[in-house]
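Structure data (compact mmCIF, C-alpha atoms) from run34.txt:
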# COMPACT_ATOMS: atom_id res chain seq x y z
CA MET A 1138 -67.01 -140.85 -90.42
CA LYS A 1139 -65.14 -137.57 -90.76
CA CYS A 1140 -63.66 -135.71 -87.81
CA LYS A 1141 -63.31 -132.02 -88.60
CA HIS A 1142 -60.45 -129.94 -87.32
CA ARG A 1143 -60.46 -126.27 -88.29
CA PHE A 1144 -56.81 -125.33 -88.34
CA VAL A 1145 -56.67 -121.72 -89.66
CA GLU A 1146 -58.95 -118.90 -90.63
CA ILE A 1147 -58.21 -116.72 -93.63
CA LEU A 1148 -59.65 -113.22 -93.42
CA GLY A 1149 -60.48 -111.58 -96.73
CA GLY A 1150 -59.28 -108.17 -97.83
CA LEU A 1151 -55.96 -107.01 -96.40
CA CYS A 1152 -55.99 -108.98 -93.14
CA LEU A 1153 -54.52 -112.49 -92.95
CA LEU A 1154 -53.72 -115.00 -90.25
CA LEU A 1155 -50.42 -116.63 -91.08
CA THR A 1156 -49.45 -120.13 -89.92
CA PRO A 1157 -45.76 -120.79 -89.10
CA ALA A 1158 -43.99 -123.18 -91.46
CA LEU A 1159 -43.54 -125.96 -88.93
CA ARG A 1160 -42.08 -129.24 -90.22
CA GLY A 1161 -43.15 -131.44 -87.32
CA THR A 1162 -43.84 -131.07 -83.64
CA THR A 1163 -42.17 -132.40 -80.52
CA LEU A 1164 -43.92 -131.62 -77.24
CA THR A 1165 -42.13 -132.20 -73.94
CA GLU A 1166 -43.19 -131.74 -70.34
CA THR A 1167 -40.77 -132.12 -67.43
CA PHE A 1168 -43.03 -130.40 -64.87
CA ALA A 1169 -40.25 -127.99 -63.96
CA SER A 1170 -42.91 -125.26 -63.87
CA ASP A 1171 -46.66 -125.11 -63.34
CA PRO A 1172 -48.15 -127.12 -66.24
CA THR A 1173 -51.43 -125.19 -66.15
CA GLN A 1174 -49.47 -122.23 -67.50
CA THR A 1175 -48.49 -124.20 -70.63
CA GLY A 1176 -51.86 -125.55 -71.70
CA TRP A 1177 -52.53 -128.49 -69.37
CA ARG A 1178 -56.08 -128.79 -68.07
CA THR A 1179 -58.19 -130.99 -65.81
CA THR A 1180 -61.68 -132.38 -66.21
CA GLY A 1181 -63.48 -134.54 -63.68
CA ASP A 1182 -62.01 -134.75 -60.17
CA SER A 1183 -59.13 -132.25 -60.09
CA ASN A 1184 -58.04 -133.50 -56.65
CA LEU A 1185 -56.57 -136.59 -58.32
CA PHE A 1186 -53.77 -134.55 -59.94
CA ASP A 1187 -51.23 -132.39 -58.12
CA TRP A 1188 -48.20 -130.66 -59.61
CA GLN A 1189 -45.29 -130.94 -57.18
CA ALA A 1190 -42.94 -127.98 -57.55
CA ASP A 1191 -40.32 -129.40 -55.19
CA THR A 1192 -39.87 -132.72 -57.03
CA GLU A 1193 -40.88 -131.38 -60.48
CA ASP A 1194 -43.36 -134.09 -61.34
CA LEU A 1195 -47.10 -134.73 -61.34
CA ALA A 1196 -48.53 -136.66 -58.41
CA VAL A 1197 -51.47 -138.77 -59.58
CA THR A 1198 -54.16 -140.72 -57.79
CA TRP A 1199 -55.96 -143.28 -59.93
CA ASP A 1200 -59.23 -144.09 -58.13
CA SER A 1201 -61.85 -146.03 -60.06
CA ALA A 1202 -64.53 -145.29 -57.44
CA ARG A 1203 -64.60 -141.72 -58.73
CA SER A 1204 -65.90 -140.32 -62.01
CA ASN A 1205 -63.79 -140.33 -65.19
CA SER A 1206 -61.05 -137.76 -64.62
CA PHE A 1207 -58.33 -136.54 -66.97
CA PHE A 1208 -55.24 -134.37 -66.68
CA TYR A 1209 -54.80 -133.52 -70.33
CA LEU A 1210 -53.03 -131.54 -73.03
CA PRO A 1211 -54.75 -130.79 -76.36
CA LEU A 1212 -52.59 -131.74 -79.34
CA ASN A 1213 -54.07 -129.09 -81.66
CA THR A 1214 -54.30 -131.72 -84.36
CA ILE A 1215 -56.04 -135.05 -84.99
CA LEU A 1216 -54.12 -138.31 -85.24
CA SER A 1217 -55.37 -141.40 -87.07
CA ARG A 1218 -53.91 -144.70 -88.32
CA SER A 1219 -52.41 -142.82 -91.28
CA ASP A 1220 -50.14 -140.76 -88.97
CA SER A 1221 -46.84 -141.80 -87.40
CA PHE A 1222 -46.28 -140.60 -83.83
CA THR A 1223 -44.42 -141.43 -80.62
CA ILE A 1224 -45.53 -141.23 -76.99
CA GLY A 1225 -43.01 -141.32 -74.13
CA PHE A 1226 -43.38 -140.91 -70.36
CA THR A 1227 -42.00 -142.04 -67.00
CA VAL A 1228 -44.25 -143.49 -64.31
CA ARG A 1229 -43.47 -144.46 -60.72
CA LEU A 1230 -46.03 -146.14 -58.50
CA ASP A 1231 -45.92 -145.57 -54.74
CA ASP A 1232 -48.70 -148.09 -54.14
CA ILE A 1233 -51.47 -149.83 -56.06
CA ALA A 1234 -54.30 -152.14 -55.03
CA ALA A 1235 -57.03 -154.00 -56.92
CA GLY A 1236 -60.53 -154.78 -55.65
CA THR A 1237 -60.87 -151.51 -53.75
CA THR A 1238 -64.55 -150.88 -54.55
CA THR A 1239 -67.12 -152.98 -52.70
CA GLY A 1240 -68.53 -155.66 -54.98
CA LYS A 1241 -65.74 -155.22 -57.56
CA PRO A 1242 -62.98 -157.57 -56.35
CA TYR A 1243 -60.97 -157.98 -59.55
CA THR A 1244 -58.38 -155.82 -61.30
CA PHE A 1245 -58.92 -152.59 -63.21
CA GLU A 1246 -56.57 -150.39 -65.22
CA ILE A 1247 -54.68 -147.17 -64.69
CA ALA A 1248 -54.01 -145.39 -67.97
CA ILE A 1249 -51.88 -142.85 -69.85
CA GLY A 1250 -52.19 -142.05 -73.55
CA LEU A 1251 -54.23 -140.46 -76.33
CA LEU A 1252 -57.97 -139.98 -76.51
CA ASN A 1253 -60.71 -138.09 -78.31
CA LEU A 1254 -61.60 -135.47 -75.73
CA SER A 1255 -65.17 -134.82 -76.86
CA LYS A 1256 -65.96 -138.54 -76.69
CA ALA A 1257 -64.10 -139.23 -73.44
CA THR A 1258 -65.94 -136.46 -71.60
CA ARG A 1259 -69.42 -137.49 -72.73
CA THR A 1260 -71.91 -139.05 -70.35
CA GLY A 1261 -71.84 -142.79 -70.97
CA PHE A 1262 -68.12 -143.06 -71.77
CA LEU A 1263 -67.32 -146.16 -69.69
CA ARG A 1264 -63.95 -147.89 -69.91
CA GLY A 1265 -65.05 -151.01 -68.09
CA THR A 1266 -67.87 -152.15 -70.38
CA GLY A 1267 -65.59 -152.92 -73.32
CA SER A 1268 -67.92 -151.21 -75.77
CA ASP A 1269 -68.38 -147.62 -74.58
CA SER A 1270 -64.88 -146.13 -74.83
CA THR A 1271 -63.88 -145.65 -78.47
CA ASP A 1272 -61.00 -143.66 -80.01
CA LEU A 1273 -58.19 -144.51 -77.59
CA VAL A 1274 -54.45 -145.13 -77.98
CA GLU A 1275 -53.12 -145.82 -74.52
CA TRP A 1276 -50.84 -147.58 -72.06
CA ASP A 1277 -52.63 -149.51 -69.32
CA TYR A 1278 -51.48 -151.28 -66.18
CA PHE A 1279 -53.57 -153.86 -64.33
CA PRO A 1280 -52.39 -154.88 -60.83
CA ASP A 1281 -52.52 -158.55 -59.92
CA SER A 1282 -55.83 -159.88 -58.61
CA GLY A 1283 -55.00 -163.56 -58.97
CA PHE A 1284 -53.99 -163.88 -62.60
CA GLY A 1285 -50.75 -161.84 -62.69
CA ALA A 1286 -50.08 -158.13 -63.16
CA THR A 1287 -50.32 -156.91 -66.76
CA VAL A 1288 -48.81 -154.08 -68.79
CA ALA A 1289 -50.95 -153.48 -71.87
CA GLY A 1290 -51.18 -151.30 -74.93
CA ALA A 1291 -54.60 -150.64 -76.40
CA MET A 1292 -55.79 -149.05 -79.64
CA ILE A 1293 -59.58 -148.76 -79.97
CA SER A 1294 -61.19 -147.52 -83.17
CA ASP A 1295 -64.14 -145.25 -83.94
CA SER A 1296 -66.45 -148.27 -84.12
CA ASN A 1297 -64.94 -150.17 -81.17
CA HIS A 1298 -62.50 -152.46 -82.97
CA TRP A 1299 -59.67 -153.40 -80.58
CA ALA A 1300 -55.96 -153.98 -81.15
CA THR A 1301 -54.05 -154.85 -77.98
CA SER A 1302 -50.76 -155.94 -76.45
CA PHE A 1303 -51.05 -157.84 -73.15
CA ASN A 1304 -47.77 -158.51 -71.35
CA ASP A 1305 -48.19 -160.69 -68.27
CA PRO A 1306 -47.14 -161.54 -65.74
CA LEU A 1307 -45.29 -158.22 -65.63
CA GLU A 1308 -45.39 -156.35 -62.35
CA LEU A 1309 -44.34 -152.75 -61.81
CA VAL A 1310 -42.48 -152.65 -58.51
CA ALA A 1311 -43.57 -149.85 -56.17
CA GLY A 1312 -40.90 -147.18 -55.83
CA SER A 1313 -39.19 -148.01 -59.14
CA SER A 1314 -39.34 -145.71 -62.17
CA TYR A 1315 -40.35 -147.08 -65.56
CA GLN A 1316 -39.90 -145.26 -68.84
CA PHE A 1317 -42.28 -146.31 -71.61
CA THR A 1318 -42.05 -145.46 -75.30
CA MET A 1319 -44.93 -146.24 -77.64
CA ASP A 1320 -43.93 -145.72 -81.26
CA TYR A 1321 -46.56 -146.03 -84.00
CA ARG A 1322 -45.44 -146.23 -87.66
CA ALA A 1323 -48.15 -145.62 -90.25
CA GLU A 1324 -46.17 -147.32 -93.03
CA THR A 1325 -46.26 -150.66 -91.19
CA GLN A 1326 -49.46 -150.05 -89.17
CA THR A 1327 -47.50 -151.18 -86.11
CA MET A 1328 -47.11 -149.86 -82.58
CA THR A 1329 -43.95 -150.96 -80.78
CA ILE A 1330 -43.73 -150.61 -77.00
CA GLN A 1331 -40.47 -150.38 -75.05
CA MET A 1332 -40.03 -150.42 -71.27
CA LEU A 1333 -36.83 -149.11 -69.68
CA THR A 1334 -36.06 -149.51 -65.98
CA GLY A 1335 -32.80 -149.60 -64.04
CA GLY A 1336 -30.80 -149.43 -67.27
CA SER A 1337 -32.53 -152.54 -68.65
CA SER A 1338 -34.67 -152.30 -71.79
CA THR A 1339 -37.54 -154.67 -72.63
CA ASN A 1340 -39.44 -154.78 -75.90
CA LEU A 1341 -43.06 -155.59 -75.16
CA GLN A 1342 -45.51 -157.21 -77.55
CA ALA A 1343 -46.22 -154.97 -80.53
CA ILE A 1344 -49.67 -153.99 -81.78
CA VAL A 1345 -50.38 -154.54 -85.48
CA LEU A 1346 -53.50 -153.03 -87.03
CA THR A 1347 -55.32 -155.29 -89.48
CA SER A 1348 -57.68 -154.39 -92.30
CA ALA A 1349 -60.61 -155.13 -89.95
CA PHE A 1350 -59.56 -152.22 -87.73
CA ASP A 1351 -61.30 -149.19 -89.25
CA ASP A 1352 -59.64 -146.07 -87.77
CA PHE A 1353 -59.19 -143.96 -84.67
CA HIS A 1354 -59.27 -140.19 -84.27
CA VAL A 1355 -57.49 -138.83 -81.18
CA ASP A 1356 -56.71 -135.21 -80.33
CA THR A 1357 -55.56 -135.13 -76.70
CA PHE A 1358 -52.82 -136.58 -74.48
CA ALA A 1359 -54.18 -137.52 -71.06
CA ILE A 1360 -53.34 -139.14 -67.75
CA SER A 1361 -56.62 -140.96 -67.17
CA SER A 1362 -58.34 -142.15 -64.02
CA TYR A 1363 -61.32 -144.15 -65.24
CA SER A 1364 -64.53 -144.93 -63.39
CA ASP A 1365 -65.19 -148.61 -62.74
CA ALA A 1366 -68.93 -148.15 -63.41
CA GLY A 1367 -70.86 -150.27 -65.90
CA GLN A 1368 -68.97 -153.55 -65.62
CA ASP A 1369 -70.48 -157.02 -65.66
CA PRO A 1370 -70.96 -157.74 -61.92
CA GLN A 1371 -69.52 -161.25 -62.33
CA TYR A 1372 -66.13 -159.89 -63.41
CA ALA A 1373 -66.09 -156.35 -62.06
CA GLY A 1374 -62.79 -154.87 -60.91
CA SER A 1375 -61.53 -151.70 -59.31
CA VAL A 1376 -58.27 -149.97 -58.47
CA VAL A 1377 -56.64 -147.31 -56.33
CA ALA A 1378 -53.06 -146.26 -57.06
CA HIS A 1379 -50.78 -143.39 -56.13
CA GLY A 1380 -47.71 -142.40 -58.08
CA GLU A 1381 -45.88 -139.83 -60.17
CA VAL A 1382 -45.75 -139.15 -63.91
CA ASP A 1383 -42.86 -137.24 -65.46
CA ASP A 1384 -40.78 -136.62 -68.60
CA ILE A 1385 -43.59 -136.69 -71.13
CA SER A 1386 -42.56 -136.55 -74.79
CA LEU A 1387 -44.84 -136.48 -77.83
CA VAL A 1388 -43.48 -136.60 -81.36
CA LEU A 1389 -46.26 -135.62 -83.74
CA PRO A 1390 -46.55 -135.28 -87.53
CA PRO A 1391 -46.39 -131.85 -89.22
CA PRO A 1392 -49.48 -129.67 -88.75
CA PRO A 1393 -52.15 -129.98 -91.45
CA VAL A 1394 -51.48 -126.49 -92.86
CA GLN A 1395 -48.02 -125.05 -93.56
CA ASP A 1396 -46.59 -122.12 -95.54
CA PHE A 1397 -49.95 -120.40 -95.68
CA SER A 1398 -50.60 -117.23 -97.70
CA GLY A 1399 -53.61 -115.62 -99.38
CA ALA A 1400 -54.09 -113.10 -102.17
CA LEU A 1401 -56.57 -111.57 -104.62
CA ILE A 1402 -55.95 -113.00 -108.09
CA GLN A 1403 -58.04 -111.30 -110.81
CA ASN A 1404 -60.83 -110.52 -108.32
CA HIS A 1405 -60.91 -114.06 -106.93
CA TRP A 1406 -59.66 -114.97 -103.48
CA GLN A 1407 -56.94 -117.63 -103.55
CA ALA A 1408 -55.42 -119.48 -100.62
CA SER A 1409 -51.97 -121.05 -101.02
CA PHE A 1410 -50.65 -123.62 -98.56
CA VAL A 1411 -48.81 -126.90 -98.13
CA GLY A 1412 -51.29 -129.60 -97.13
CA GLN A 1413 -50.72 -133.10 -95.78
CA THR A 1414 -51.65 -136.11 -97.89
CA ASN A 1415 -53.94 -137.61 -95.24
CA TRP A 1416 -56.09 -134.48 -94.83
CA LEU A 1417 -58.80 -132.85 -96.95
CA TYR A 1418 -59.12 -129.08 -97.46
CA ASP A 1419 -61.87 -126.69 -98.44
CA LEU A 1420 -62.33 -122.92 -98.63
CA GLU A 1421 -65.29 -121.22 -96.94
CA SER A 1422 -66.56 -117.63 -97.09
CA SER A 1423 -68.65 -115.45 -94.78
CA ALA A 1424 -70.05 -111.93 -94.80
CA ASP A 1425 -70.36 -111.70 -91.00
CA LEU A 1426 -67.98 -114.27 -89.40
CA ARG A 1427 -71.04 -116.17 -88.13
CA THR A 1428 -72.50 -117.98 -91.13
CA TRP A 1429 -70.01 -119.78 -93.39
CA THR A 1430 -70.53 -121.16 -96.89
CA ARG A 1431 -68.27 -123.71 -98.55
CA VAL A 1432 -67.07 -122.30 -101.88
CA THR A 1433 -64.87 -125.22 -102.96
CA SER A 1434 -65.28 -128.97 -102.75
CA PRO A 1435 -62.94 -130.77 -100.34
CA VAL A 1436 -59.67 -131.72 -102.02
CA PRO A 1437 -56.87 -133.95 -100.68
CA GLY A 1438 -53.56 -132.50 -99.62
CA VAL A 1439 -50.61 -133.33 -101.87
CA GLY A 1440 -47.67 -132.67 -99.53
CA LEU A 1441 -46.56 -129.78 -101.75
CA SER A 1442 -47.72 -126.22 -102.35
CA GLN A 1443 -51.31 -126.08 -103.62
CA THR A 1444 -54.09 -123.51 -103.98
CA LEU A 1445 -57.83 -123.21 -103.47
CA THR A 1446 -59.70 -120.42 -105.26
CA ASP A 1447 -63.19 -119.01 -104.75
CA PRO A 1448 -64.79 -119.24 -108.21
CA GLY A 1449 -67.10 -116.30 -107.42
CA PRO A 1450 -66.21 -112.61 -107.03
CA VAL A 1451 -64.91 -111.41 -103.69
CA LEU A 1452 -67.61 -110.05 -101.38
CA PRO A 1453 -67.44 -106.27 -100.65
CA MET A 1454 -67.04 -107.07 -96.96
CA GLY A 1455 -66.02 -110.70 -97.05
CA PHE A 1456 -64.03 -113.16 -95.00
CA TYR A 1457 -62.47 -116.48 -95.92
CA ARG A 1458 -61.18 -119.43 -93.97
CA LEU A 1459 -59.36 -122.63 -94.89
CA GLU A 1460 -60.68 -125.74 -93.22
CA ALA A 1461 -58.62 -128.90 -92.70
CA ILE A 1462 -60.69 -132.09 -92.40
CA LYS A 1463 -59.35 -135.39 -91.12
CA PRO A 1464 -61.16 -138.26 -92.94
For the structure just supplied, provide its representation as structure tokens.
Amino acid sequence: MKCKHRFVEILGGLCLLLTPALRGTTLTETFASDPTQTGWRTTGDSNLFDWQADTEDLAVTWDSARSNSFFYLPLNTILSRSDSFTIGFTVRLDDIAAGTTTGKPYTFEIAIGLLNLSKATRTGFLRGTGSDSTDLVEWDYFPDSGFGATVAGAMISDSNHWATSFNDPLELVAGSSYQFTMDYRAETQTMTIQMLTGGSSTNLQAIVLTSAFDDFHVDTFAISSYSDAGQDPQYAGSVVAHGEVDDISLVLPPPPVQDFSGALIQNHWQASFVGQTNWLYDLESSADLRTWTRVTSPVPGVGLSQTLTDPGPVLPMGFYRLEAIKP
């Protein structure tokens, strides 16, 4: 499977779109101002999420009786198991209860983390079935329904392979703030999870990806209220929780295209850029900005300056774009 992410367009002739030479990205959100003005969006039930200007945080209701709902921020890139990244956030629960939906007496999760937005917003994306919610990297909390409260980390691949960290019994006390840091290192294929509360730090069980785990492709950070639909009736659970999320921090790898430039070289269009080693790149041309034709085969990034050249002559009224593809 290949997930495409078009990062830049290159316009032929004298007009170019230039990409800043970023060396990595750190995104932070303290909710000191209206987050909808800085790219945050809502899908599903928007009433579950409320920015509080007076306390500078996001009030969240997780209610599994409602449809899948996300308060989310696009990353403008795609992350996979070949990328290192860090997720940090603070969560405080005011109250939480399991078994809140009739006929679903057991526990169900509240969630924060990374997802593939196009998959998560499709009809049929069901977190409770165990097989219909692929491409996730998230923190989950399950309130106690007789077996102990659980803090969990979950990584779910394109083809529904699971890698998890279940830490129980571990209860989040209502009214207390908990800072979580989830740090994934591509070189070791390991996600470490740290919990900090009241000045005390706890290292939770790490997640290690094995060779059986194929890959994930995530492009969005989200605070997720999942529907409890689709579960096996014998074990079905549900949840309602109220709380606040704050101090979000995302440390992401460099963008797939850096130091971009383009030029005519002996009547052939040439794109120069620094590509990342875990992306593929191709050059496409168009005469009308509607229909695009690939003029080079996809080549891997090398982490250094490289070029792609159209082997044919430049069109009289032509346009070019560079496409970054995440394998």
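Of the residues listed (A:Phe1168, A:Tyr1243, A:Tyr1321, A:Tyr1363), A:Phe1168 shows the shortest atom-to-atom separation from Ala1196 in chain A; distances use only C-alpha atoms.
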Spatial neighbours of Arg1427 in chain A, max dist 12 Å, only C-alpha atoms, sep filter under 5 positions, as a JSON list (two decimals) with C-alpha atoms, in the frame of the given file:
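Resulting contents of part.json:
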[["chain", "number", "residue", "atom", "x", "y", "z"],
["A", 1421, "GLU", "CA", -65.29, -121.22, -96.94],
["A", 1422, "SER", "CA", -66.56, -117.63, -97.09],
["A", 1455, "GLY", "CA", -66.02, -110.70, -97.05],
["A", 1456, "PHE", "CA", -64.03, -113.16, -95.00],
["A", 1457, "TYR", "CA", -62.47, -116.48, -95.92],
["A", 1458, "ARG", "CA", -61.18, -119.43, -93.97]]
Inset, instruction - Would you kindly return, as a list in words, each protein, DNA or RNA residue with an atom no farther than 10 Å from any atom of Tyr1372 in chain A, considering only C-alpha atoms and excluding same-chain residues fewer than 2 positions away? - result: Gly1240, Lys1241, Pro1242, Tyr1243, Thr1244, Gln1368, Asp1369, Pro1370 and Gly1374 of chain A
Inset, instruction - Point out the residue among A:Val1432, A:Leu1459, A:Val1451, A:Ala1349 with the least atom-to-atom distance to Val1411 in chain A, counting only C-alpha atoms. - result: A:Leu1459
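Take CA of Val1228 in chain A and CA of Leu1216 in chain A: the distance between them is 23.7 Å.
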Inset, instruction - Give me the residues within 6 Å of Ser1206 in chain A as a count of residues only, counting only C-alpha atoms and dropping any in the same chain fewer than 3 places off. - result: 4
Inset, instruction - Write out as a ChimeraX atom specification which residues come within 8 Å of Pro1393 in chain A when counting only C-alpha atoms, dropping same-chain ones fewer than 5 positions away. - result: /A:1144,1214,1412-1413,1416,1461
Only C-alpha atoms, please: the residues just picked out, written as a PDB file, in the coordinates of the input.
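Writing done, so here's result_16.pdb:
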ATOM      1  CA  PHE A1144     -56.810-125.330 -88.340  1.00  0.00           C
ATOM      2  CA  THR A1214     -54.300-131.720 -84.360  1.00  0.00           C
ATOM      3  CA  GLY A1412     -51.290-129.600 -97.130  1.00  0.00           C
ATOM      4  CA  GLN A1413     -50.720-133.100 -95.780  1.00  0.00           C
ATOM      5  CA  TRP A1416     -56.090-134.480 -94.830  1.00  0.00           C
ATOM      6  CA  ALA A1461     -58.620-128.900 -92.700  1.00  0.00           C
TER       7      ALA A1461
END
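Take CA of Phe1208 in chain A and CA of Gly1261 in chain A: the distance between them is 19.1 Å.
Among A:Arg1322, A:His1298, A:Arg1229, A:Lys1256, the residue with the shortest atom-to-atom distance to Glu1381 in chain A, counting all atoms listed in the file, is A:Arg1229.
Closest approach to Gly1312 in chain A from the set A:Asp1447, A:Asp1220, A:Asp1231, A:Asp1187 is made by A:Asp1231, with distances taken over only C-alpha atoms.
Nearest residue to Trp1177 in chain A among A:Phe1222, A:Phe1207, A:Phe1284, A:Trp1276 is A:Phe1207, counting only C-alpha atoms.
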Inset, instruction - Write out as a ChimeraX atom specification the residues lying within 9 Å of Phe1279 in chain A, counting only C-alpha atoms and excluding same-chain residues fewer than 6 positions away. - result: /A:1235,1244-1247,1285-1289,1308,1376
